[in-house]
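Okay, entry_29.tsv now, which holds TSV, C-alpha atoms and all ligand atoms:
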chain	number	residue	atom	x	y	z
H	1	MET	CA	-6.29	-7.84	24.27
H	2	THR	CA	-2.59	-8.05	23.52
H	3	LEU	CA	-1.53	-8.57	19.94
H	4	THR	CA	1.78	-10.04	18.94
H	5	LEU	CA	3.05	-7.53	16.42
H	6	PRO	CA	5.15	-8.74	13.50
H	7	THR	CA	8.88	-7.92	13.66
H	8	TYR	CA	11.74	-7.27	11.27
H	9	ALA	CA	12.54	-11.01	11.42
H	10	ASP	CA	9.12	-11.61	9.85
H	11	VAL	CA	9.98	-9.11	7.10
H	12	CYS	CA	13.18	-11.06	6.41
H	13	ALA	CA	11.28	-14.36	6.29
H	14	ALA	CA	8.80	-12.76	3.88
H	15	ALA	CA	11.67	-11.58	1.67
H	16	GLU	CA	12.86	-15.19	1.37
H	17	ARG	CA	9.38	-16.39	0.42
H	18	LEU	CA	9.08	-13.65	-2.21
H	19	GLU	CA	12.44	-14.38	-3.77
H	20	GLY	CA	11.91	-15.34	-7.41
H	21	HIS	CA	8.20	-14.43	-7.26
H	22	ALA	CA	8.05	-10.67	-6.63
H	23	HIS	CA	10.13	-8.27	-8.70
H	24	ARG	CA	13.00	-6.54	-6.96
H	25	THR	CA	11.77	-3.18	-8.26
H	26	PRO	CA	14.23	-0.48	-9.31
H	27	VAL	CA	15.25	2.49	-7.18
H	28	LEU	CA	15.28	5.52	-9.47
H	29	SER	CA	16.63	9.01	-9.03
H	30	SER	CA	15.86	12.29	-10.76
H	31	ARG	CA	18.19	15.24	-11.01
H	32	THR	CA	15.21	17.50	-11.50
H	33	ALA	CA	13.60	16.28	-8.27
H	34	ASP	CA	16.92	16.64	-6.43
H	35	ARG	CA	17.32	20.20	-7.69
H	36	GLU	CA	13.73	21.20	-6.95
H	37	LEU	CA	13.82	19.83	-3.40
H	38	GLY	CA	17.48	20.54	-2.57
H	39	ALA	CA	17.85	16.92	-1.41
H	40	GLN	CA	18.95	13.55	-2.76
H	41	LEU	CA	15.86	11.50	-3.54
H	42	PHE	CA	15.54	7.74	-3.98
H	43	PHE	CA	12.30	6.49	-5.51
H	44	LYS	CA	11.29	2.86	-4.83
H	45	CYS	CA	9.16	1.99	-7.85
H	46	GLU	CA	6.42	-0.37	-6.74
H	47	ASN	CA	4.33	0.85	-9.68
H	48	LEU	CA	6.60	-1.60	-11.54
H	49	GLN	CA	5.78	-4.49	-9.16
H	50	ARG	CA	3.67	-7.45	-10.37
H	51	VAL	CA	-0.01	-6.39	-10.63
H	52	GLY	CA	1.27	-2.80	-10.62
H	53	ALA	CA	1.45	-2.25	-6.86
H	54	PHE	CA	3.27	-3.36	-3.70
H	55	LYS	CA	0.18	-5.34	-2.61
H	56	PHE	CA	1.55	-8.43	-4.38
H	57	ARG	CA	4.20	-8.68	-1.64
H	58	GLY	CA	1.83	-8.96	1.29
H	59	ALA	CA	-0.69	-11.16	-0.50
H	60	PHE	CA	1.90	-13.63	-1.74
H	61	ASN	CA	3.59	-13.82	1.65
H	62	ALA	CA	0.29	-14.50	3.41
H	63	LEU	CA	-0.80	-17.19	0.93
H	64	ALA	CA	2.62	-18.85	0.88
H	65	ARG	CA	2.17	-19.53	4.61
H	66	PHE	CA	-1.10	-21.46	4.20
H	67	ASP	CA	-1.07	-25.05	5.45
H	68	ALA	CA	-2.34	-27.95	3.31
H	69	ARG	CA	-5.93	-27.62	4.53
H	70	GLN	CA	-6.02	-23.87	3.84
H	71	ARG	CA	-4.51	-24.34	0.39
H	72	ALA	CA	-7.08	-26.96	-0.56
H	73	ALA	CA	-10.07	-24.95	0.69
H	74	GLY	CA	-8.93	-21.61	-0.77
H	75	VAL	CA	-8.67	-17.93	0.04
H	76	VAL	CA	-11.27	-15.16	0.12
H	77	ALA	CA	-10.58	-11.41	-0.04
H	78	TYR	CA	-12.71	-8.32	-0.42
H	79	SER	CA	-11.35	-5.41	-2.42
H	80	SER	CA	-12.15	-3.34	-5.47
H	81	GLY	CA	-8.54	-2.41	-5.95
H	82	ASN	CA	-4.99	-3.64	-5.95
H	83	HIS	CA	-5.40	-6.14	-3.12
H	84	ALA	CA	-7.93	-8.10	-5.23
H	85	GLN	CA	-5.51	-8.52	-8.11
H	86	ALA	CA	-2.66	-9.29	-5.73
H	87	VAL	CA	-4.55	-12.10	-3.98
H	88	ALA	CA	-5.87	-13.44	-7.30
H	89	LEU	CA	-2.42	-13.60	-8.90
H	90	SER	CA	-0.72	-14.99	-5.79
H	91	ALA	CA	-3.38	-17.68	-5.46
H	92	SER	CA	-3.00	-18.72	-9.08
H	93	LEU	CA	0.80	-18.91	-8.75
H	94	LEU	CA	0.45	-21.08	-5.64
H	95	GLY	CA	-2.39	-23.23	-7.02
H	96	ILE	CA	-4.88	-22.04	-4.40
H	97	PRO	CA	-8.54	-21.38	-5.33
H	98	ALA	CA	-9.46	-17.71	-4.80
H	99	THR	CA	-12.79	-15.95	-4.26
H	100	ILE	CA	-12.78	-12.16	-4.50
H	101	VAL	CA	-15.71	-10.07	-3.24
H	102	MET	CA	-16.00	-6.92	-5.40
H	103	PRO	CA	-18.60	-4.14	-5.67
H	104	GLN	CA	-21.10	-4.44	-8.55
H	105	ASP	CA	-19.96	-1.05	-9.83
H	106	ALA	CA	-16.22	-1.87	-9.85
H	107	PRO	CA	-14.62	-1.01	-13.22
H	108	ALA	CA	-15.29	-3.84	-15.69
H	109	SER	CA	-11.57	-3.94	-16.49
H	110	LYS	CA	-10.75	-4.75	-12.84
H	111	VAL	CA	-13.39	-7.47	-12.60
H	112	ALA	CA	-12.12	-8.95	-15.87
H	113	ALA	CA	-8.48	-8.80	-14.71
H	114	THR	CA	-9.37	-10.55	-11.45
H	115	ARG	CA	-11.26	-13.28	-13.31
H	116	GLY	CA	-8.34	-13.45	-15.74
H	117	TYR	CA	-6.13	-14.65	-12.87
H	118	GLY	CA	-8.56	-17.52	-12.40
H	119	ALA	CA	-10.38	-16.12	-9.36
H	120	THR	CA	-14.12	-16.50	-8.72
H	121	VAL	CA	-15.62	-13.01	-8.42
H	122	VAL	CA	-18.62	-12.48	-6.11
H	123	LEU	CA	-20.32	-9.14	-6.72
H	124	TYR	CA	-22.15	-7.18	-4.03
H	125	ASP	CA	-24.08	-3.94	-3.77
H	126	ARG	CA	-21.91	-1.47	-1.91
H	127	TYR	CA	-24.89	0.63	-0.80
H	128	THR	CA	-26.95	-2.16	0.77
H	129	GLU	CA	-24.52	-4.96	1.59
H	130	ASP	CA	-21.50	-5.27	3.86
H	131	ARG	CA	-18.50	-6.78	2.13
H	132	GLU	CA	-16.82	-7.80	5.36
H	133	GLN	CA	-19.88	-9.79	6.33
H	134	ILE	CA	-20.04	-11.44	2.90
H	135	GLY	CA	-16.37	-12.32	3.18
H	136	ARG	CA	-16.83	-13.77	6.66
H	137	GLU	CA	-19.86	-15.82	5.58
H	138	LEU	CA	-18.01	-17.27	2.58
H	139	ALA	CA	-15.09	-18.07	4.83
H	140	GLN	CA	-17.30	-19.89	7.32
H	141	ARG	CA	-19.48	-21.74	4.84
H	142	HIS	CA	-16.65	-23.03	2.64
H	143	GLY	CA	-13.74	-23.08	5.08
H	144	LEU	CA	-11.93	-20.34	3.15
H	145	THR	CA	-9.19	-18.27	4.78
H	146	LEU	CA	-9.89	-14.54	4.71
H	147	ILE	CA	-6.90	-12.35	3.89
H	148	PRO	CA	-7.61	-8.72	4.74
H	149	PRO	CA	-5.94	-5.92	2.77
H	150	TYR	CA	-3.78	-4.57	5.59
H	151	ASP	CA	-4.46	-5.69	9.15
H	152	HIS	CA	-2.69	-9.05	9.13
H	153	PRO	CA	0.84	-9.86	10.36
H	154	ASP	CA	1.84	-11.72	7.18
H	155	VAL	CA	0.50	-8.94	4.96
H	156	ILE	CA	2.42	-6.33	6.96
H	157	ALA	CA	5.63	-8.39	6.86
H	158	GLY	CA	5.31	-8.82	3.09
H	159	GLN	CA	4.74	-5.11	2.50
H	160	GLY	CA	7.87	-4.36	4.57
H	161	THR	CA	10.08	-6.09	2.03
H	162	ALA	CA	9.92	-3.09	-0.34
H	163	VAL	CA	11.65	-0.77	2.12
H	164	LYS	CA	14.06	-3.55	3.12
H	165	GLU	CA	15.16	-3.68	-0.53
H	166	LEU	CA	15.25	0.10	-0.79
H	167	LEU	CA	17.56	0.49	2.21
H	168	GLU	CA	19.76	-2.40	1.08
H	169	ASP	CA	20.22	-0.54	-2.21
H	170	THR	CA	20.68	3.00	-0.86
H	171	GLY	CA	22.24	2.56	2.58
H	172	PRO	CA	20.93	4.69	5.44
H	173	LEU	CA	18.48	7.47	4.65
H	174	ASP	CA	17.56	10.56	6.67
H	175	ALA	CA	13.86	10.46	5.88
H	176	LEU	CA	11.34	8.12	4.28
H	177	PHE	CA	7.89	9.04	2.91
H	178	VAL	CA	5.30	6.26	2.62
H	179	CYS	CA	1.67	6.36	1.41
H	180	LEU	CA	-0.88	5.54	4.11
H	181	GLY	CA	-4.29	3.90	3.73
H	182	GLY	CA	-4.96	1.18	6.29
H	183	GLY	CA	-1.28	1.14	7.20
H	184	GLY	CA	-0.01	-2.23	5.97
H	185	LEU	CA	2.64	-0.60	3.83
H	186	LEU	CA	3.61	2.02	6.41
H	187	SER	CA	3.85	-0.39	9.33
H	188	GLY	CA	5.92	-2.91	7.35
H	189	SER	CA	8.13	-0.09	6.07
H	190	ALA	CA	8.66	1.17	9.62
H	191	LEU	CA	9.77	-2.30	10.78
H	192	ALA	CA	12.37	-2.38	8.01
H	193	ALA	CA	13.51	1.20	8.55
H	194	ARG	CA	13.90	0.82	12.32
H	195	ALA	CA	16.12	-2.24	11.75
H	196	LEU	CA	18.21	-1.01	8.82
H	197	ALA	CA	18.32	2.77	9.27
H	198	PRO	CA	17.56	3.59	12.93
H	199	GLY	CA	18.14	7.32	12.45
H	200	CYS	CA	15.74	7.59	9.52
H	201	LYS	CA	12.58	9.63	10.11
H	202	VAL	CA	9.57	7.66	8.86
H	203	TYR	CA	6.53	9.62	7.69
H	204	GLY	CA	3.13	8.29	6.67
H	205	VAL	CA	1.24	10.40	4.14
H	206	GLU	CA	-2.55	10.54	3.69
H	207	PRO	CA	-4.92	12.54	1.51
H	208	GLU	CA	-6.17	15.64	3.34
H	209	ALA	CA	-9.79	14.46	3.08
H	210	GLY	CA	-9.01	11.16	4.77
H	211	ASN	CA	-6.74	12.02	7.69
H	212	ASP	CA	-7.98	9.33	10.08
H	213	GLY	CA	-4.42	8.02	10.40
H	214	GLN	CA	-3.12	11.43	11.43
H	215	GLN	CA	-5.94	11.83	13.94
H	216	SER	CA	-5.26	8.34	15.30
H	217	PHE	CA	-1.51	8.91	15.51
H	218	ARG	CA	-1.91	12.20	17.34
H	219	SER	CA	-4.72	11.11	19.69
H	220	GLY	CA	-3.32	7.66	20.52
H	221	ALA	CA	-6.51	5.74	19.60
H	222	ILE	CA	-7.87	4.46	16.28
H	223	VAL	CA	-10.20	7.07	14.77
H	224	HIS	CA	-12.94	5.98	12.32
H	225	ILE	CA	-14.13	8.32	9.54
H	226	ASP	CA	-16.64	8.11	6.67
H	227	THR	CA	-15.23	7.01	3.31
H	228	PRO	CA	-13.24	10.09	2.25
H	229	GLN	CA	-13.74	11.90	-1.06
H	230	THR	CA	-10.31	11.93	-2.68
H	231	ILE	CA	-8.68	10.94	-5.96
H	232	ALA	CA	-6.31	8.75	-3.90
H	233	ASP	CA	-8.55	5.67	-4.10
H	234	GLY	CA	-5.90	3.41	-2.57
H	235	ALA	CA	-6.09	5.48	0.62
H	236	GLN	CA	-9.88	5.73	0.98
H	237	THR	CA	-9.78	3.58	4.09
H	238	GLN	CA	-11.92	4.53	7.08
H	239	HIS	CA	-9.56	3.47	9.84
H	240	LEU	CA	-6.21	1.89	10.66
H	241	GLY	CA	-6.04	-1.69	11.92
H	242	GLN	CA	-5.09	-3.07	15.34
H	243	TYR	CA	-1.75	-4.42	14.11
H	244	THR	CA	-0.92	-1.53	11.81
H	245	PHE	CA	-1.75	1.10	14.44
H	246	GLY	CA	0.29	-0.76	17.07
H	247	ILE	CA	3.39	-0.49	14.88
H	248	ILE	CA	2.68	2.98	13.52
H	249	ARG	CA	2.25	4.57	16.95
H	250	ARG	CA	5.51	2.98	18.12
H	251	ASP	CA	7.76	3.29	15.05
H	252	VAL	CA	6.53	6.16	12.87
H	253	ASP	CA	7.64	9.77	13.42
H	254	ASP	CA	4.60	11.58	12.08
H	255	VAL	CA	1.63	11.33	9.75
H	256	LEU	CA	1.26	14.13	7.18
H	257	THR	CA	-1.47	15.04	4.71
H	258	VAL	CA	-1.50	16.48	1.18
H	259	SER	CA	-4.22	17.88	-1.10
H	260	ASP	CA	-5.60	16.17	-4.19
H	261	ALA	CA	-4.27	19.10	-6.25
H	262	ALA	CA	-0.75	18.33	-5.02
H	263	LEU	CA	-1.21	14.68	-6.06
H	264	VAL	CA	-2.10	15.75	-9.60
H	265	GLU	CA	1.04	17.92	-9.71
H	266	GLU	CA	3.17	14.91	-8.80
H	267	MET	CA	1.42	12.67	-11.34
H	268	ARG	CA	2.47	15.23	-13.93
H	269	PHE	CA	6.00	15.32	-12.54
H	270	PHE	CA	6.37	11.54	-12.67
H	271	ALA	CA	4.98	11.37	-16.22
H	272	ALA	CA	6.89	14.33	-17.64
H	273	ARG	CA	10.23	13.99	-15.85
H	274	MET	CA	10.60	10.33	-14.91
H	275	LYS	CA	8.42	8.71	-17.58
H	276	LEU	CA	6.54	6.85	-14.86
H	277	VAL	CA	2.80	6.16	-14.74
H	278	VAL	CA	1.90	6.59	-11.07
H	279	GLU	CA	-1.65	6.36	-9.70
H	280	PRO	CA	-2.88	9.24	-7.50
H	281	THR	CA	-2.31	7.33	-4.25
H	282	GLY	CA	1.26	6.56	-5.32
H	283	CYS	CA	2.01	10.30	-5.41
H	284	LEU	CA	1.39	10.93	-1.70
H	285	GLY	CA	5.03	10.49	-0.66
H	286	LEU	CA	6.60	12.90	-3.11
H	287	ALA	CA	3.88	15.50	-2.52
H	288	ALA	CA	4.62	15.47	1.22
H	289	ALA	CA	8.39	15.58	0.71
H	290	ARG	CA	8.00	18.59	-1.55
H	291	ALA	CA	5.85	20.35	1.04
H	292	MET	CA	8.55	19.69	3.67
H	293	LYS	CA	11.50	20.62	1.49
H	294	ASP	CA	12.83	23.32	3.82
H	295	GLN	CA	13.53	20.64	6.40
H	296	LEU	CA	15.09	18.25	3.87
H	297	GLN	CA	17.90	20.42	2.49
H	298	GLY	CA	20.98	18.28	1.77
H	299	LYS	CA	19.28	15.15	3.14
H	300	ARG	CA	19.00	11.65	1.68
H	301	VAL	CA	15.31	10.97	1.24
H	302	GLY	CA	13.41	7.80	0.28
H	303	VAL	CA	10.04	8.04	-1.45
H	304	LEU	CA	7.87	4.98	-1.89
H	305	ILE	CA	5.87	4.98	-5.13
H	306	SER	CA	3.16	2.51	-4.15
H	307	GLY	CA	1.38	1.77	-7.42
H	308	GLY	CA	0.61	2.63	-11.01
H	309	ASN	CA	-2.89	1.30	-11.61
H	310	VAL	CA	-5.07	4.05	-12.98
H	311	ASP	CA	-7.66	3.85	-15.71
H	312	MET	CA	-6.10	5.53	-18.77
H	313	ALA	CA	-9.07	7.82	-19.49
H	314	ARG	CA	-9.08	8.97	-15.86
H	315	TYR	CA	-5.31	9.44	-15.94
H	316	ALA	CA	-5.53	11.59	-19.06
H	317	ALA	CA	-8.35	13.66	-17.57
H	318	LEU	CA	-6.44	14.28	-14.32
H	319	LEU	CA	-3.27	15.30	-16.19
H	320	ALA	CA	-5.23	17.63	-18.46
H	321	LYS	CA	-6.91	19.26	-15.47
H	322	GLY	CA	-3.60	20.04	-13.80
H	323	ALA	CA	-2.11	21.56	-16.96
I	401	LIG	C1	-3.36	-0.24	-0.84
I	401	LIG	C2	-2.59	0.89	-1.40
I	401	LIG	C3	-2.06	1.92	-0.59
I	401	LIG	C4	-2.31	1.97	0.89
I	401	LIG	O1	-1.73	0.86	1.54
I	401	LIG	P1	-2.14	0.47	3.03
I	401	LIG	O2	-1.32	-0.73	3.32
I	401	LIG	O3	-3.61	0.21	3.04
I	401	LIG	O4	-1.80	1.64	3.88
I	401	LIG	C5	-1.29	2.90	-1.18
I	401	LIG	N1	-1.07	2.93	-2.51
I	401	LIG	C6	-1.55	1.96	-3.32
I	401	LIG	C7	-1.25	2.04	-4.77
I	401	LIG	C8	-2.32	0.91	-2.80
I	401	LIG	O5	-2.80	-0.04	-3.62

If you convert what's in this file into C-alpha cells, what do you get?
Ligand SMILES: *Cc1c(COP(=O)(O)O)cnc(C)c1O
Amino acid sequence: MTLTLPTYADVCAAAERLEGHAHRTPVLSSRTADRELGAQLFFKCENLQRVGAFKFRGAFNALARFDARQRAAGVVAYSSGNHAQAVALSASLLGIPATIVMPQDAPASKVAATRGYGATVVLYDRYTEDREQIGRELAQRHGLTLIPPYDHPDVIAGQGTAVKELLEDTGPLDALFVCLGGGGLLSGSALAARALAPGCKVYGVEPEAGNDGQQSFRSGAIVHIDTPQTIADGAQTQHLGQYTFGIIRRDVDDVLTVSDAALVEEMRFFAARMKLVVEPTGCLGLAAARAMKDQLQGKRVGVLISGGNVDMARYAALLAKGA
C-alpha cells in the first residue's frame, strides 16, 4: 500500500483555512531558561490556543474541507482529551453536527465542556468496549465522517501550522523539540521545518514509559505497546500512524524520551518563571532540551508547548509533589 503523504503545500493551505479562526499564538522567551541551558530558546505557546491545545488546528482544517454531504451528515471522533474539544468546537464554528465517543469515566468537566460546544456525547466502557469500533459503526450507520486524532493528512497539515508560524516569527532555528503521541504534531512540524529551516534538527519527545515512537523510529517499523503509565496523558498512545510514521521516519532526526519526574520539574519551571499553565504532556519538549543542553550551547532552539489542559486539583498535587 502506498500512501500519499501530506506536504508543506498542504500546511500552507491549512494556514489559510485557519486564518481568523485559530489564534496565532505567541512565541515567548525566558532569560532564565536561556541562562540555564546556555542557548536561545523560543517557546511556541499552544497552551494559549483555542481549547487550550494545538489540536484545534488539525481538527478545524479537517472539518473545513468537508463537502456539502459530509457537513450535513456530521462528524464523529473518539477521544477523552483535547481532540474531542477541538472537533466539538470546530464543528460548532462550521455548523456541522458532531458526535464524540468518550469513556464513561472521563472527567465530568471534559464531558460537560464537549457538550457545551453543542456536541452529542456517546459514552462507552473502556474496559469492555472498543471505541474505534463504536466510532466506525456510528460513521457507517449515520453517514458520519470519522476524524481520527492524528493519522489523517488534513489533521497533520493543520498541526504543522504551529511550527510554520514559529519559524516565520523566529527565522531559522538549529533545533526543534516537539511532543510526540501519535505523531500528528511531530509530522506536521517536520514538514514545516524541512521547508522553512532545512538545517534545523527536529526531535520528537515521548514519555519514557511510552517509547513506542522511539522504538518505531529506530527499528523502521511501527511498534505497538500497551497503554503506557505516565502523567503525560496526551502521549498515552499505543502506536504511531501510517501517515505520521511515514513522515517521521523521513523527516525527523531522532526521537527522545524523558521521565515523568522531569515533566513535573518543567511544569514548575513554566509556572514559576514564565507564568504559564502547561499540562504534563506539554512539558516534554523543554525536558528533552534541558537533558541535551551540552549539545545546544549557543544554539537557537524552538520548543513547542503543546497544551495547557490539566485539572486544577491534579495540577496543584503534581506541583506540590515536585517541591
Ligand atoms: C494530542 C496531544 C499531544 C500529542 O500529539 P500527537 O499529534 O498525538 O503526537 C501532545 N500534547 C498535547 C497537549 C496533546 O493534546

Suppose you want the space between CA of Glu265 (chain H) and CA of Arg290 (chain H); what is it in Å? 10.7 Å

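All residues that come within 8 Å of the coordinates (-2.9, 3.7, 12.7), counting only C-alpha atoms, are given as Gly182, Gly183, Gly213, Gln214, Ser216, Phe217, Ile222, His239, Leu240, Gly241, Gln242, Thr244, Phe245, Gly246, Ile247, Ile248 and Arg249 of chain H.
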
7 Å from ligand LIG 401 (chain I) is the threshold here; counting all atoms listed in the file, which polymer residues fall inside it? Answer as a PDB file with C-alpha atoms, in the frame of the given file.
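Saved to pocket-v2.pdb:
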ATOM      1  CA  ALA H  53       1.450  -2.250  -6.860  1.00  0.00           C
ATOM      2  CA  PHE H  54       3.270  -3.360  -3.700  1.00  0.00           C
ATOM      3  CA  LYS H  55       0.180  -5.340  -2.610  1.00  0.00           C
ATOM      4  CA  GLY H  81      -8.540  -2.410  -5.950  1.00  0.00           C
ATOM      5  CA  ASN H  82      -4.990  -3.640  -5.950  1.00  0.00           C
ATOM      6  CA  HIS H  83      -5.400  -6.140  -3.120  1.00  0.00           C
ATOM      7  CA  PRO H 149      -5.940  -5.920   2.770  1.00  0.00           C
ATOM      8  CA  TYR H 150      -3.780  -4.570   5.590  1.00  0.00           C
ATOM      9  CA  CYS H 179       1.670   6.360   1.410  1.00  0.00           C
ATOM     10  CA  LEU H 180      -0.880   5.540   4.110  1.00  0.00           C
ATOM     11  CA  GLY H 181      -4.290   3.900   3.730  1.00  0.00           C
ATOM     12  CA  GLY H 182      -4.960   1.180   6.290  1.00  0.00           C
ATOM     13  CA  GLY H 183      -1.280   1.140   7.200  1.00  0.00           C
ATOM     14  CA  GLY H 184      -0.010  -2.230   5.970  1.00  0.00           C
ATOM     15  CA  LEU H 185       2.640  -0.600   3.830  1.00  0.00           C
ATOM     16  CA  LEU H 186       3.610   2.020   6.410  1.00  0.00           C
ATOM     17  CA  GLY H 234      -5.900   3.410  -2.570  1.00  0.00           C
ATOM     18  CA  ALA H 235      -6.090   5.480   0.620  1.00  0.00           C
ATOM     19  CA  GLU H 279      -1.650   6.360  -9.700  1.00  0.00           C
ATOM     20  CA  THR H 281      -2.310   7.330  -4.250  1.00  0.00           C
ATOM     21  CA  GLY H 282       1.260   6.560  -5.320  1.00  0.00           C
ATOM     22  CA  SER H 306       3.160   2.510  -4.150  1.00  0.00           C
ATOM     23  CA  GLY H 307       1.380   1.770  -7.420  1.00  0.00           C
ATOM     24  CA  GLY H 308       0.610   2.630 -11.010  1.00  0.00           C
TER      25      GLY H 308
END

With all atoms listed in the file as the basis for distance, which of H:Leu146, H:Ala112, H:Val255, H:Leu48 is at the shortest distance from Gln70 (chain H)?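 Among the listed residues, the smallest separation from Gln70 (chain H) belongs to H:Leu146.
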
Considering all atoms listed in the file, can you say which of H:Tyr203, H:Tyr124, H:Phe42, H:Phe60 comes closest to Ser30 (chain H)?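 Looking at the shortest contact to Ser30 (chain H), the residue is H:Phe42.
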
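The two atoms in question, CA of Gln229 (chain H) and CA of Ala209 (chain H), are spaced 6.3 Å apart.
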
Minimum-distance residue to Gly171 (chain H), chosen among H:Arg17, H:Arg31, H:Arg300, H:Lys201 (using all atoms listed in the file):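 Among the listed residues, the smallest separation from Gly171 (chain H) belongs to H:Arg300.
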
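Taking all atoms listed in the file into account, Asp34 (chain H) lies nearest to H:Lys299 out of the set H:Arg69, H:Lys321, H:Arg131, H:Lys299.
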